[in-house]
Every structure is written in C-alpha cells, then in structure tokens.
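Read through the structure below, which is laid out as structure tokens, and then see the notes.
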Amino acid sequence: RLDTRNPPGNEILAAEHLHALFEAEGISGEIVGPSKDRGTFIARLTGDGSAPPLLLMSHIDVVAVEPEKWTHDPFSGDIADGFIYGRGALDMKHMVTMEAMTMLLLKRAAVRLKRDVIFMAAADEECGGHQGAGWVVKHHPELIRAEYALNEGGGSGFVVAGRRYYPVQTAEKGTVRFRIRTRGRPGHGSVPHNENAILKLAAILAKLTPELLPVHFTNTMRGYIAGIAATQPSDIAQALQAVLADEKTADAAIDRLPLEEALKQRIHAMLRNTVTPTILKAGSQINVIPSEAEASVDGRNLPGWTPEMFLEELRSVLNNEAEIALLNPSPPLEADLQSPLFNTIKDVLKEQDPEATAVPFLLTGGTDAKHVTKLGTKVYGFIPGLYAGEGESRRVHSHDERISVRSLQWGVRVLCEVVERFASST
C-alpha cells in the first residue's frame, strides 16, 4: 500500500514502516541513505560469531504503473480469489515480506545463531541501486558485510514436461550498454540518397537479432540443463544433453526441444552475450535528412566476459561498421554451485517438495548483487515460490501484478527454514 515508485523513489515510507515493525519485535535497526527520502533499512540478529554473517537482501522500490489498466488499485494490497494484488507483489515486496517474517520468527523463537543474520531492504534497485545498496556499500560497508547473501533472482518454481524445478540463481549477466552512432550526408528530404545516416543505422540494427552472438557455456548453464535432464524421460533428457554437446550446434538443439517457446527463448538468451536496441534518436525536422543517427543498445555479458571482450566479439560480427561508445558497464557474477548455502537450499527444497529438483540458474538481467559482491559476498538468488503458470511470471512489471497467498505462505516457511538451518548449523 506504500507508493514507492522509482522514480522518484520515496522509499523512506517503506523503510520507516519496517523500522517500526522490527522495533516492536525487539529488533534494532537503522535507516541510511543519501537523502531523507531515499531510505534503506538495515537490521541485524546477532549470532555467537563462530561463523561469518548471512545477508538477506531485498529492495523496497517498485517500477511505474498505469493504474487505469489494472483491475485493482496497484497500491491497495487487495486480496481477491486467493491473490494479493499490487505493484511489487512479484518484484519484490514479496521478498521483503518473506525476509522480514524470517527475521521476526527467528527472534520470537530465540534461535541460537552461529552467524549474524543481516536484513537489508534497499532503495533504488529498479534504477541501478546507486542510491540504495550501492550507496551502503560505498558509505557504510560495515553494516552489511557478510560471507553469503540471499537475494532476488531465483526460487519460484517452474515445470518442464510435468516435472517441477526450483531455480537457484548462481549467476547473473553484467551490463554492457552502449550507443551506436552513424554519420551521413545531410540534405533535403525530397531528394533521397544512400548516404542517409538513418539508413546506415537501420542496416546495422537489422543485424542485432536475438541470436547474433555465438553460444558460450557457463558452469551455471551446464548445471541448469543437466539438472533438468537428470529427472526427465529418456527422450527429453537426450534432447537436453544434445544442447550441451557442442556450442556450435546448441541453438539448433534448443529449437528441437519439446518445450514451451518462452522457455526455449530464455535458454537461448542465457547461453550467449546479447544485444537489444531500445532507444533511437535521429533528426529534428521531417523534411531534413539528419547528419547523424544514434541507437542505445542494452548489452548483457556472460560470466567470464569483460566489456572489452564483449565489444570485440560484437565488432567482429558487425565487421567494425559501427561507431560504438560504451556506457557505465557492470560486471557479470557467478557463485559456487557446491557451496554450503547452495546445498542447504537444495536440501530444504527437497524436504518441502520431494518430487521437485533444485537447479542452478543464470539471470539474464541484473540485481543489487553487483554492488554487494564488491565486499566479497557470495550472492545467491532465491525467492521461494510455488509454480503458478507461465502467465503469472509475465505479470512482473506489468498490469495486475499479483502473488498467491498460498505461495507467499509457503515461501516464508521455506526461506525461514533455509536461513535458520544455515545460520545456526554451518
């Protein structure tokens, strides 16, 4: 019900609400940030210090809405037909709720912890996190320094050929955003010619197809595909294993998979560096041929790839036709697939849903992990949730965003068990 749309943010509303909630439960915390409106709330349950801290990460800002296209007020928190409606229900005030409840339940039960458990509900993630987690890392790293962290990016169940899986995010792509500029000969629009900067740019952009850049296997994607294959019937298992047989034939093997097109599209993206044109700029008057044209492109690089390597690969397939300017890159990340935290998550999920399998997962987007990993923290994405169909996941950042009450309750139970077990016994 708290409107924390970013921009402008105004996350202080949610930060103060959480602060009061935690104080009422006897958990001290503080609000920090670059200004009075951009608050990040941080609290801590203290362990005996025999193991390093665990950080629970979430963000309290949300993206913009078009209220007239919703069937429920996006800041009402309406409950209808077993669902809670509201902006942030899936990204990611549900994780704020799960982690907050985990802190309260651990406190109420007086659990004896070996690790401190730190709670951070950050501002500004939707606009890069520089006023939230990034600011905390730069100005108050001591408040959130931890060995491991749980973050957004994985956890919600999905189904392949009737079998359930829970993705645990062990990797995320970096960003290599850039501008492409072309130059041409200006002139009057009534006399067309082939030196038009817009036509040159259009020819380059036409090459930026979803599968322009080649496939590169990462440890996470090998584990993701192999993990799904391990519990599938032999025909589907063999088809999945064929994807991993050779990087050069992986695309064709993906296209042959008997899976939903949306899942195949995601697998294509998870296996390569990607480029997506998102903004165009050229000309100022309809009867004038401009001398320059420009496109902004959202580039995403795989773990192990630097921005320089990414641009070298891109230029090689574009034959160096474009003038490219790099814009504030952020690094890709990949965590250990055999860590104690990852294994704890797998064990708890198997207990809570014995017929399901946890698999590592690569997020094609980015999160606040890019800031926190600067402190040496190993970050895993895990928002436990029940499978609700492909249509539900597409509500993220869309109209009528919602989460089922049952899934939220299940998520609290699973997350609390993971945190209690990991922080008290490892």
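Here, A, B, ... name the chains of the structure tokens in the order displayed, residue numbers run from 1 inside each chain, and ligands are numbered from 1 in the same displayed order.
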Contacts of Asn196 in chain A within 8 Å, only C-alpha atoms, excl. fewer than 6 positions in-chain, as a list in words: Arg183, Gly184, Arg185, Pro186, Ile289, Pro290 and Ser291 of chain A
Taking C-alpha atoms for each residue, export the selection above as a compact mmCIF listing (two decimals), in the first residue's frame.
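In the end it all went to out-v1.txt:
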# COMPACT_ATOMS: atom_id res chain seq x y z
CA ARG A 183 27.13 9.64 -39.80
CA GLY A 184 25.88 10.63 -43.22
CA ARG A 185 25.31 13.50 -45.60
CA PRO A 186 22.53 15.89 -44.61
CA ILE A 289 17.90 14.33 -43.70
CA PRO A 290 19.99 14.28 -40.49
CA SER A 291 23.77 14.09 -40.47
Residues near His17 in chain A, cut-off 12 Å, only C-alpha atoms, skip fewer than 4 positions along chain, as a PyMOL selection string: chain A and resi 1-2+11-13+21-24+29-31+39-41+60+96-97+100+121
Residues of the last selection are to be written out with N, CA and C atoms, as a PDB file, in the first residue's frame.
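Below you can see again_24.pdb, which holds the result:
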ATOM      1  N   ARG A   1       0.819  -1.207   0.000  1.00  0.00           N
ATOM      2  CA  ARG A   1       0.000   0.000   0.000  1.00  0.00           C
ATOM      3  C   ARG A   1       0.857   1.264   0.000  1.00  0.00           C
ATOM      4  N   LEU A   2       2.151   1.117   0.231  1.00  0.00           N
ATOM      5  CA  LEU A   2       3.049   2.264   0.267  1.00  0.00           C
ATOM      6  C   LEU A   2       3.594   2.514  -1.133  1.00  0.00           C
ATOM      7  N   GLU A  11      11.381   5.829  -0.904  1.00  0.00           N
ATOM      8  CA  GLU A  11      11.407   4.556  -0.186  1.00  0.00           C
ATOM      9  C   GLU A  11      11.366   4.728   1.323  1.00  0.00           C
ATOM     10  N   ILE A  12      11.545   5.946   1.791  1.00  0.00           N
ATOM     11  CA  ILE A  12      11.505   6.192   3.233  1.00  0.00           C
ATOM     12  C   ILE A  12      10.187   5.717   3.836  1.00  0.00           C
ATOM     13  N   LEU A  13       9.106   5.742   3.039  1.00  0.00           N
ATOM     14  CA  LEU A  13       7.812   5.269   3.539  1.00  0.00           C
ATOM     15  C   LEU A  13       7.898   3.813   3.988  1.00  0.00           C
ATOM     16  N   LEU A  21       8.093  -1.870  12.642  1.00  0.00           N
ATOM     17  CA  LEU A  21       7.741  -3.278  12.801  1.00  0.00           C
ATOM     18  C   LEU A  21       8.834  -4.033  13.564  1.00  0.00           C
ATOM     19  N   PHE A  22      10.065  -3.825  13.177  1.00  0.00           N
ATOM     20  CA  PHE A  22      11.180  -4.531  13.814  1.00  0.00           C
ATOM     21  C   PHE A  22      11.367  -4.061  15.260  1.00  0.00           C
ATOM     22  N   GLU A  23      11.255  -2.753  15.483  1.00  0.00           N
ATOM     23  CA  GLU A  23      11.405  -2.234  16.842  1.00  0.00           C
ATOM     24  C   GLU A  23      10.356  -2.833  17.769  1.00  0.00           C
ATOM     25  N   ALA A  24       9.131  -3.004  17.256  1.00  0.00           N
ATOM     26  CA  ALA A  24       8.061  -3.588  18.074  1.00  0.00           C
ATOM     27  C   ALA A  24       8.363  -5.032  18.460  1.00  0.00           C
ATOM     28  N   GLY A  29      17.350  -1.550  14.444  1.00  0.00           N
ATOM     29  CA  GLY A  29      17.784  -1.325  13.076  1.00  0.00           C
ATOM     30  C   GLY A  29      17.975   0.153  12.839  1.00  0.00           C
ATOM     31  N   GLU A  30      18.382   0.497  11.622  1.00  0.00           N
ATOM     32  CA  GLU A  30      18.570   1.904  11.289  1.00  0.00           C
ATOM     33  C   GLU A  30      18.277   2.135   9.813  1.00  0.00           C
ATOM     34  N   ILE A  31      17.948   3.385   9.508  1.00  0.00           N
ATOM     35  CA  ILE A  31      17.684   3.802   8.137  1.00  0.00           C
ATOM     36  C   ILE A  31      18.835   4.682   7.680  1.00  0.00           C
ATOM     37  N   GLY A  39      15.510   6.103   1.687  1.00  0.00           N
ATOM     38  CA  GLY A  39      15.935   5.333   2.843  1.00  0.00           C
ATOM     39  C   GLY A  39      16.138   3.859   2.558  1.00  0.00           C
ATOM     40  N   THR A  40      17.208   3.288   3.092  1.00  0.00           N
ATOM     41  CA  THR A  40      17.464   1.847   3.109  1.00  0.00           C
ATOM     42  C   THR A  40      17.457   1.399   4.563  1.00  0.00           C
ATOM     43  N   PHE A  41      16.643   0.387   4.872  1.00  0.00           N
ATOM     44  CA  PHE A  41      16.528  -0.090   6.250  1.00  0.00           C
ATOM     45  C   PHE A  41      17.414  -1.306   6.453  1.00  0.00           C
ATOM     46  N   ILE A  60      12.885  -2.130  -1.787  1.00  0.00           N
ATOM     47  CA  ILE A  60      11.553  -1.628  -1.463  1.00  0.00           C
ATOM     48  C   ILE A  60      11.026  -0.628  -2.485  1.00  0.00           C
ATOM     49  N   VAL A  96      10.657  -8.873   0.422  1.00  0.00           N
ATOM     50  CA  VAL A  96      10.778  -8.048   1.629  1.00  0.00           C
ATOM     51  C   VAL A  96       9.973  -8.687   2.757  1.00  0.00           C
ATOM     52  N   THR A  97       8.749  -9.093   2.434  1.00  0.00           N
ATOM     53  CA  THR A  97       7.864  -9.704   3.427  1.00  0.00           C
ATOM     54  C   THR A  97       8.429 -11.028   3.943  1.00  0.00           C
ATOM     55  N   ALA A 100      11.498 -10.311   6.080  1.00  0.00           N
ATOM     56  CA  ALA A 100      11.103  -9.683   7.344  1.00  0.00           C
ATOM     57  C   ALA A 100      10.477 -10.705   8.288  1.00  0.00           C
ATOM     58  N   ALA A 121      16.659  -3.916   3.375  1.00  0.00           N
ATOM     59  CA  ALA A 121      15.605  -3.569   2.425  1.00  0.00           C
ATOM     60  C   ALA A 121      16.043  -2.265   1.756  1.00  0.00           C
TER      61      ALA A 121
END
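Put simply, CA of Thr364 in chain A is 10.4 Å away from CA of Gln169 in chain A.
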Nearest-residue call for Tyr166 in chain A, choices A:Arg300, A:Arg406, A:His397, A:Lys350, using only C-alpha atoms: A:Lys350
Taking only C-alpha atoms into account, produce a table as JSON lines in which each residue of range 332-405 of chain A with an atom at most 7 Å from an atom of range 222-233 of chain A appears once, together with its shortest atom pair and the distance in Å to one decimal, ordered by chain and rising number.
{"residue": "A:Val359", "atom": "CA", "partner": "A:Tyr224", "partner_atom": "CA", "distance": 5.3}
{"residue": "A:Pro360", "atom": "CA", "partner": "A:Tyr224", "partner_atom": "CA", "distance": 5.1}
{"residue": "A:Phe361", "atom": "CA", "partner": "A:Tyr224", "partner_atom": "CA", "distance": 5.8}
Go ahead and save the picked residues with N, CA and C atoms, as a CSV table (one decimal), in the first residue's frame.
chain,number,residue,atom,x,y,z
A,359,VAL,N,17.8,-26.5,-9.3
A,359,VAL,CA,18.8,-26.4,-10.3
A,359,VAL,C,19.4,-25.0,-10.3
A,360,PRO,N,20.7,-24.9,-10.6
A,360,PRO,CA,21.3,-23.6,-10.7
A,360,PRO,C,20.7,-22.8,-11.9
A,361,PHE,N,20.9,-21.5,-11.8
A,361,PHE,CA,20.1,-20.7,-12.8
A,361,PHE,C,20.9,-19.4,-13.0
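Those residues that approach range 80-92 of chain A to within 7 Å, counting only C-alpha atoms, are A:His59, A:Val62, A:His72, A:Pro74, A:Phe75, A:Ser76, A:Gly77, A:Asp78, A:His94, A:Met95, A:Val96, A:Val396, A:Asp400, A:Glu401, A:Arg402, A:Ile403, A:Ser404, A:Val405; same-chain residues fewer than 2 positions away are not listed.
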Store the residues picked out above in a file with N, CA and C atoms, as a CSV table (one decimal), in the first residue's frame.
chain,number,residue,atom,x,y,z
A,59,HIS,N,14.6,-5.2,-2.0
A,59,HIS,CA,14.5,-3.8,-2.3
A,59,HIS,C,13.1,-3.4,-2.2
A,62,VAL,N,9.7,0.2,-6.4
A,62,VAL,CA,9.0,-0.6,-7.5
A,62,VAL,C,9.0,0.3,-8.7
A,72,HIS,N,-7.4,-3.8,-10.2
A,72,HIS,CA,-7.3,-3.4,-8.7
A,72,HIS,C,-6.3,-2.3,-8.6
A,74,PRO,N,-3.3,-0.5,-7.8
A,74,PRO,CA,-1.9,-1.1,-7.7
A,74,PRO,C,-1.3,-0.8,-6.3
A,75,PHE,N,-1.9,0.1,-5.5
A,75,PHE,CA,-1.3,0.3,-4.2
A,75,PHE,C,-2.4,0.1,-3.1
A,76,SER,N,-3.3,-0.8,-3.4
A,76,SER,CA,-4.3,-1.2,-2.4
A,76,SER,C,-4.0,-2.4,-1.6
A,77,GLY,N,-3.2,-3.3,-2.2
A,77,GLY,CA,-3.0,-4.6,-1.5
A,77,GLY,C,-4.3,-5.4,-1.4
A,78,ASP,N,-5.1,-5.2,-2.4
A,78,ASP,CA,-6.4,-6.0,-2.5
A,78,ASP,C,-6.1,-7.5,-2.5
A,94,HIS,N,7.3,-9.0,-2.1
A,94,HIS,CA,7.0,-10.3,-1.5
A,94,HIS,C,8.3,-10.8,-0.8
A,95,MET,N,9.4,-10.6,-1.4
A,95,MET,CA,10.7,-11.0,-0.8
A,95,MET,C,11.0,-10.2,0.5
A,96,VAL,N,10.7,-8.9,0.4
A,96,VAL,CA,10.8,-8.0,1.6
A,96,VAL,C,10.0,-8.7,2.8
A,396,VAL,N,5.3,-9.6,-13.9
A,396,VAL,CA,6.3,-8.8,-13.3
A,396,VAL,C,6.5,-7.5,-14.2
A,400,ASP,N,-1.8,-5.7,-13.3
A,400,ASP,CA,-2.3,-6.7,-12.3
A,400,ASP,C,-1.3,-7.6,-11.8
A,401,GLU,N,-0.1,-7.1,-11.4
A,401,GLU,CA,0.9,-7.9,-10.7
A,401,GLU,C,0.3,-8.4,-9.4
A,402,ARG,N,0.6,-9.7,-9.2
A,402,ARG,CA,-0.1,-10.4,-8.0
A,402,ARG,C,0.7,-11.6,-7.6
A,403,ILE,N,0.5,-12.0,-6.4
A,403,ILE,CA,1.1,-13.3,-5.9
A,403,ILE,C,0.0,-14.0,-5.1
A,404,SER,N,0.0,-15.3,-5.2
A,404,SER,CA,-1.0,-16.1,-4.4
A,404,SER,C,-0.6,-16.1,-3.0
A,405,VAL,N,-1.6,-16.0,-2.1
A,405,VAL,CA,-1.4,-16.1,-0.7
A,405,VAL,C,-0.7,-17.4,-0.3
Spatial neighbours of Ala64 in chain A, 10 Å, only C-alpha atoms, chain gap at least 4 places, as JSON, numbers by chain: {"A": [3, 4, 5, 6, 7, 8, 87, 126, 397, 398]}
Selection above as a file: C-alpha atoms, as a PDB file, in the first residue's frame:
ATOM      1  CA  ASP A   3       3.757   4.051  -3.021  1.00  0.00           C
ATOM      2  CA  THR A   4       7.496   3.676  -3.604  1.00  0.00           C
ATOM      3  CA  ARG A   5       7.554   4.068  -7.375  1.00  0.00           C
ATOM      4  CA  ASN A   6      11.044   4.766  -8.644  1.00  0.00           C
ATOM      5  CA  PRO A   7      11.485   7.384  -9.876  1.00  0.00           C
ATOM      6  CA  PRO A   8      11.174   9.294  -7.631  1.00  0.00           C
ATOM      7  CA  ARG A  87       2.854  -3.191  -7.706  1.00  0.00           C
ATOM      8  CA  GLU A 126      14.976  -0.543 -10.101  1.00  0.00           C
ATOM      9  CA  HIS A 397       6.500  -5.052 -14.227  1.00  0.00           C
ATOM     10  CA  SER A 398       3.143  -5.481 -15.981  1.00  0.00           C
TER      11      SER A 398
END
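The residue set within 10 Å of Pro34 in chain A, counting only C-alpha atoms and dropping same-chain residues fewer than 4 places from it, reads Arg38, Gly39, Thr40, His130, Gln131, Gly132, Trp135, Val136 and His139 of chain A.
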Selection: 7 Å around Gly385 in chain A, only C-alpha atoms, excl. self and same-chain fewer than 4 positions, as a ChimeraX atom specification: /A:155-157,407-408,410-411
Which of range 3-195 of chain A end up as alpha helix (DSSP H) when DSSP is run on this backbone - answer as a short mmCIF file (atom, residue, chain, number, x, y, z; two decimals) with N, CA and C atoms, in the first residue's frame?
data_model
loop_
_atom_site.label_atom_id
_atom_site.label_comp_id
_atom_site.auth_asym_id
_atom_site.auth_seq_id
_atom_site.Cartn_x
_atom_site.Cartn_y
_atom_site.Cartn_z
N ILE A 12 11.54 5.95 1.79
CA ILE A 12 11.50 6.19 3.23
C ILE A 12 10.19 5.72 3.84
N LEU A 13 9.11 5.74 3.04
CA LEU A 13 7.81 5.27 3.54
C LEU A 13 7.90 3.81 3.99
N ALA A 14 8.47 2.98 3.15
CA ALA A 14 8.59 1.56 3.48
C ALA A 14 9.67 1.33 4.53
N ALA A 15 10.76 2.09 4.45
CA ALA A 15 11.84 1.93 5.43
C ALA A 15 11.35 2.23 6.84
N GLU A 16 10.58 3.29 7.00
CA GLU A 16 10.05 3.65 8.33
C GLU A 16 9.04 2.62 8.82
N HIS A 17 8.24 2.08 7.90
CA HIS A 17 7.28 1.04 8.29
C HIS A 17 8.02 -0.19 8.81
N LEU A 18 9.06 -0.61 8.12
CA LEU A 18 9.83 -1.77 8.56
C LEU A 18 10.55 -1.49 9.88
N HIS A 19 11.08 -0.29 10.01
CA HIS A 19 11.77 0.08 11.24
C HIS A 19 10.85 -0.06 12.44
N ALA A 20 9.63 0.47 12.31
CA ALA A 20 8.66 0.38 13.41
C ALA A 20 8.28 -1.07 13.70
N LEU A 21 8.09 -1.87 12.64
CA LEU A 21 7.74 -3.28 12.80
C LEU A 21 8.83 -4.03 13.56
N PHE A 22 10.07 -3.82 13.18
CA PHE A 22 11.18 -4.53 13.81
C PHE A 22 11.37 -4.06 15.26
N GLU A 23 11.25 -2.75 15.48
CA GLU A 23 11.40 -2.23 16.84
C GLU A 23 10.36 -2.83 17.77
N ALA A 24 9.13 -3.00 17.26
CA ALA A 24 8.06 -3.59 18.07
C ALA A 24 8.36 -5.03 18.46
N LYS A 93 8.36 -6.80 -3.28
CA LYS A 93 7.90 -6.63 -1.90
C LYS A 93 7.49 -7.96 -1.26
N HIS A 94 7.25 -8.98 -2.09
CA HIS A 94 7.01 -10.30 -1.51
C HIS A 94 8.26 -10.83 -0.83
N MET A 95 9.45 -10.55 -1.41
CA MET A 95 10.69 -10.99 -0.79
C MET A 95 10.99 -10.16 0.46
N VAL A 96 10.66 -8.87 0.42
CA VAL A 96 10.78 -8.05 1.63
C VAL A 96 9.97 -8.69 2.76
N THR A 97 8.75 -9.09 2.43
CA THR A 97 7.86 -9.70 3.43
C THR A 97 8.43 -11.03 3.94
N MET A 98 8.88 -11.89 3.03
CA MET A 98 9.42 -13.19 3.44
C MET A 98 10.64 -13.02 4.34
N GLU A 99 11.53 -12.12 3.97
CA GLU A 99 12.74 -11.94 4.76
C GLU A 99 12.43 -11.27 6.10
N ALA A 100 11.50 -10.31 6.08
CA ALA A 100 11.10 -9.68 7.34
C ALA A 100 10.48 -10.70 8.29
N MET A 101 9.59 -11.54 7.76
CA MET A 101 8.97 -12.57 8.60
C MET A 101 10.00 -13.57 9.11
N THR A 102 10.99 -13.87 8.29
CA THR A 102 12.07 -14.77 8.73
C THR A 102 12.80 -14.17 9.92
N MET A 103 13.10 -12.89 9.86
CA MET A 103 13.76 -12.22 10.99
C MET A 103 12.89 -12.26 12.24
N LEU A 104 11.60 -11.97 12.08
CA LEU A 104 10.70 -11.95 13.24
C LEU A 104 10.56 -13.34 13.85
N LEU A 105 10.44 -14.35 13.00
CA LEU A 105 10.26 -15.71 13.51
C LEU A 105 11.52 -16.21 14.22
N LEU A 106 12.69 -15.89 13.68
CA LEU A 106 13.93 -16.27 14.35
C LEU A 106 14.04 -15.59 15.71
N LYS A 107 13.64 -14.34 15.77
CA LYS A 107 13.68 -13.59 17.03
C LYS A 107 12.70 -14.17 18.05
N ARG A 108 11.47 -14.43 17.59
CA ARG A 108 10.45 -14.95 18.50
C ARG A 108 10.83 -16.32 19.06
N ALA A 133 21.63 0.03 -2.31
CA ALA A 133 22.70 -0.91 -1.94
C ALA A 133 24.07 -0.38 -2.33
N GLY A 134 24.16 0.24 -3.49
CA GLY A 134 25.44 0.80 -3.92
C GLY A 134 25.94 1.87 -2.98
N TRP A 135 25.02 2.70 -2.49
CA TRP A 135 25.39 3.76 -1.54
C TRP A 135 25.85 3.15 -0.21
N VAL A 136 25.15 2.13 0.24
CA VAL A 136 25.53 1.48 1.50
C VAL A 136 26.92 0.85 1.38
N VAL A 137 27.18 0.16 0.28
CA VAL A 137 28.49 -0.46 0.07
C VAL A 137 29.59 0.59 0.10
N LYS A 138 29.33 1.75 -0.47
CA LYS A 138 30.34 2.82 -0.54
C LYS A 138 30.52 3.54 0.78
N HIS A 139 29.43 3.79 1.52
CA HIS A 139 29.50 4.65 2.70
C HIS A 139 29.42 3.90 4.03
#
